[in-house]
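Worksheet: the structure to be examined is printed underneath.
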Amino acid sequence: MLRVLINIFLLLFGFIINSSLFECIKLQGVKPDLFIIFIVSISVLRSDVEGAIFGFFAGFMCDIFFGRTLGFFALIYMFIGYLSTRPFKYFYRENYLIPMLLCFFATIFFEIVTFALSFSMMENFFYAINKIILPKAIYNTILILGIYPLIYLLNKKLEQREIRNCNFF
């Protein structure tokens with residue numbers, strides 16, 4: 001139950017920060033995406049199913065408030081959450097390089113899919129790669145260095161609490 005409440009808090013926190021603070025700290029018109037950072041972190045720390053569920057609800061929130069079609073962002077974020085741990089299932093969660101790589105490639109995947117399905121002008125694709133997609137991927141990769149350790153500690157405390165509660169019964 002506590003894990004669900006914390007995930008709801010992360011969803012609300014991510015939504016508020018994405019739509020308010022990150023609008024103010026754009027670098028050359030590019031803002032980071034806190035939801036991708038959260039989805040990758042949860043997928044690495046918990047499981048692909050939890051990452052997919054979190055990604056679905058994060059995307060659903062984006063669809064409701066910012067999307068033109070319901071389910072577009074939900075499916076993309078859910079796909080990212082599900083695939084984030086597939087190639088790195090047997091690595092240590094303490095390794096920060098894995099979430100960094102996953103965040104980088106998840107951001108590139110998200111932006112390319114969003115660009116390809118939203119715009120039909122492929123002549124702007126190389127401009128988007130150089131000016132939007134790669135800078136955003138780098139921005140998210142740098143931010144995950146500060147956010148992943150916090151989510152890792154939070155997850156560690158939750159796991160310890162869950163183990164204590166299981167041993168109680």
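Going by the structure tokens order, chains are called A, B, ..., each with residues numbered from 1, while ligands are numbered from 1 in the order shown.
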Would you pick out the contacts of Ser41 in chain A at 8 Å or less, using only C-alpha atoms, so that residues sharing its chain but fewer than 4 positions from it are not included, and give the list as a PyMOL selection string?
chain A and resi 37+45+99+148+151-152
Could you find all residues in chain A that DSSP calls helix (DSSP H, G or I) from the backbone, and write them as a PyMOL selection string?
chain A and resi 2-24+34-45+48-65+72-83+97-118+122-168
Can you write just those residues out, C-alpha atoms, as a short mmCIF file (atom, residue, chain, number, x, y, z; two decimals), in the first residue's frame?
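Written file, result37.cif:
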```cif
data_model
loop_
_atom_site.label_atom_id
_atom_site.label_comp_id
_atom_site.auth_asym_id
_atom_site.auth_seq_id
_atom_site.Cartn_x
_atom_site.Cartn_y
_atom_site.Cartn_z
CA LEU A 2 2.83 2.38 0.87
CA ARG A 3 4.51 1.63 -2.46
CA VAL A 4 1.33 2.61 -4.30
CA LEU A 5 1.11 5.88 -2.34
CA ILE A 6 4.74 6.67 -3.13
CA ASN A 7 4.19 5.94 -6.82
CA ILE A 8 1.16 8.25 -6.80
CA PHE A 9 3.28 10.91 -5.11
CA LEU A 10 6.01 10.46 -7.75
CA LEU A 11 3.43 10.78 -10.51
CA LEU A 12 2.01 13.99 -9.07
CA PHE A 13 5.45 15.38 -8.27
CA GLY A 14 6.74 14.55 -11.75
CA PHE A 15 3.71 16.12 -13.38
CA ILE A 16 3.99 19.32 -11.35
CA ILE A 17 7.73 19.66 -11.92
CA ASN A 18 7.46 18.83 -15.65
CA SER A 19 4.74 21.37 -16.23
CA SER A 20 6.05 24.18 -14.04
CA LEU A 21 9.71 24.20 -12.97
CA PHE A 22 11.13 22.51 -16.06
CA GLU A 23 9.40 25.10 -18.24
CA CYS A 24 11.63 27.70 -16.54
CA LEU A 34 11.12 13.73 -15.39
CA PHE A 35 8.67 10.96 -16.24
CA ILE A 36 11.24 9.13 -18.37
CA ILE A 37 13.73 9.39 -15.52
CA PHE A 38 11.17 8.02 -13.04
CA ILE A 39 10.04 5.24 -15.38
CA VAL A 40 13.57 4.04 -16.05
CA SER A 41 14.47 4.22 -12.36
CA ILE A 42 11.41 2.25 -11.26
CA SER A 43 11.91 -0.31 -14.02
CA VAL A 44 15.53 -0.89 -13.02
CA LEU A 45 14.83 -1.00 -9.29
CA ASP A 48 9.45 -4.31 -15.95
CA VAL A 49 5.79 -4.74 -15.01
CA GLU A 50 5.93 -2.04 -12.33
CA GLY A 51 7.79 0.23 -14.72
CA ALA A 52 5.16 -0.39 -17.38
CA ILE A 53 2.31 0.34 -14.98
CA PHE A 54 3.98 3.52 -13.75
CA GLY A 55 4.71 4.50 -17.35
CA PHE A 56 1.10 3.92 -18.35
CA PHE A 57 -0.24 6.18 -15.62
CA ALA A 58 2.41 8.84 -16.26
CA GLY A 59 1.55 8.82 -19.93
CA PHE A 60 -2.17 8.83 -19.19
CA MET A 61 -1.71 11.98 -17.13
CA CYS A 62 0.16 13.58 -20.03
CA ASP A 63 -2.58 12.49 -22.42
CA ILE A 64 -5.31 13.99 -20.28
CA PHE A 65 -3.62 17.35 -19.81
CA PHE A 72 -0.71 8.09 -27.16
CA PHE A 73 1.76 8.97 -24.40
CA ALA A 74 0.42 6.21 -22.16
CA LEU A 75 1.41 3.53 -24.65
CA ILE A 76 4.82 5.00 -25.37
CA TYR A 77 5.70 5.42 -21.68
CA MET A 78 4.33 1.95 -20.89
CA PHE A 79 6.48 0.48 -23.66
CA ILE A 80 9.54 2.30 -22.28
CA GLY A 81 8.81 1.01 -18.76
CA TYR A 82 8.42 -2.54 -19.98
CA LEU A 83 11.50 -2.62 -22.17
CA LEU A 97 25.76 3.45 -15.72
CA ILE A 98 22.82 1.20 -16.61
CA PRO A 99 20.08 3.72 -15.69
CA MET A 100 22.05 6.43 -17.48
CA LEU A 101 22.23 4.39 -20.70
CA LEU A 102 18.60 3.35 -20.43
CA CYS A 103 17.50 6.93 -19.85
CA PHE A 104 19.52 8.14 -22.82
CA PHE A 105 18.08 5.55 -25.20
CA ALA A 106 14.56 5.78 -23.75
CA THR A 107 14.56 9.52 -24.35
CA ILE A 108 15.77 9.06 -27.91
CA PHE A 109 13.14 6.39 -28.50
CA PHE A 110 10.36 8.52 -27.01
CA GLU A 111 11.29 11.60 -29.00
CA ILE A 112 11.72 9.76 -32.31
CA VAL A 113 8.38 7.96 -31.94
CA THR A 114 6.65 11.18 -30.90
CA PHE A 115 8.22 13.09 -33.78
CA ALA A 116 7.48 10.40 -36.35
CA LEU A 117 3.84 10.02 -35.32
CA SER A 118 3.19 13.71 -34.77
CA MET A 122 10.71 14.22 -42.57
CA GLU A 123 12.94 17.02 -43.88
CA ASN A 124 12.98 18.43 -40.32
CA PHE A 125 14.04 15.11 -38.84
CA PHE A 126 17.78 15.82 -38.84
CA TYR A 127 17.16 19.25 -37.36
CA ALA A 128 15.06 17.63 -34.60
CA ILE A 129 17.79 15.09 -33.88
CA ASN A 130 20.49 17.74 -33.52
CA LYS A 131 18.51 20.46 -31.78
CA ILE A 132 15.90 18.61 -29.70
CA ILE A 133 16.34 14.84 -29.38
CA LEU A 134 20.06 14.53 -28.53
CA PRO A 135 20.14 17.56 -26.20
CA LYS A 136 17.07 16.27 -24.37
CA ALA A 137 18.62 12.81 -24.06
CA ILE A 138 21.81 14.30 -22.65
CA TYR A 139 19.82 16.54 -20.30
CA ASN A 140 17.84 13.55 -18.96
CA THR A 141 21.01 11.48 -18.62
CA ILE A 142 22.64 14.18 -16.52
CA LEU A 143 19.55 14.59 -14.35
CA ILE A 144 19.23 10.88 -13.66
CA LEU A 145 22.59 11.05 -11.89
CA GLY A 146 20.96 13.11 -9.14
CA ILE A 147 17.51 11.54 -9.13
CA TYR A 148 18.31 7.81 -9.42
CA PRO A 149 20.24 7.66 -6.11
CA LEU A 150 17.26 9.24 -4.31
CA ILE A 151 14.80 6.77 -5.81
CA TYR A 152 17.27 3.97 -5.09
CA LEU A 153 17.40 4.93 -1.39
CA LEU A 154 13.63 5.27 -1.24
CA ASN A 155 13.22 1.84 -2.82
CA LYS A 156 15.76 0.33 -0.44
CA LYS A 157 13.83 1.68 2.57
CA LEU A 158 10.57 0.35 1.14
CA GLU A 159 12.07 -3.08 0.54
CA GLN A 160 13.43 -3.19 4.10
CA ARG A 161 10.01 -2.20 5.44
CA GLU A 162 8.31 -4.86 3.31
CA ILE A 163 10.74 -7.51 4.58
CA ARG A 164 10.10 -6.44 8.19
CA ASN A 165 6.34 -6.61 7.63
CA CYS A 166 6.61 -10.07 6.03
CA ASN A 167 8.69 -11.34 8.95
CA PHE A 168 6.12 -9.97 11.40
#
```
What separation in Å, quoted to one decimal, exists between CA of Thr85 in chain A and CA of Arg46 in chain A?
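These atoms are spaced 9.2 Å apart.
Here CA of Ile25 in chain A is placed at a distance of 26.7 Å from CA of Ser84 in chain A.
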One decimal, Å: what's the distance from CA of Asp33 in chain A over to CA of Phe91 in chain A, could you say?
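Going from CA of Asp33 in chain A over to CA of Phe91 in chain A covers 24.8 Å.
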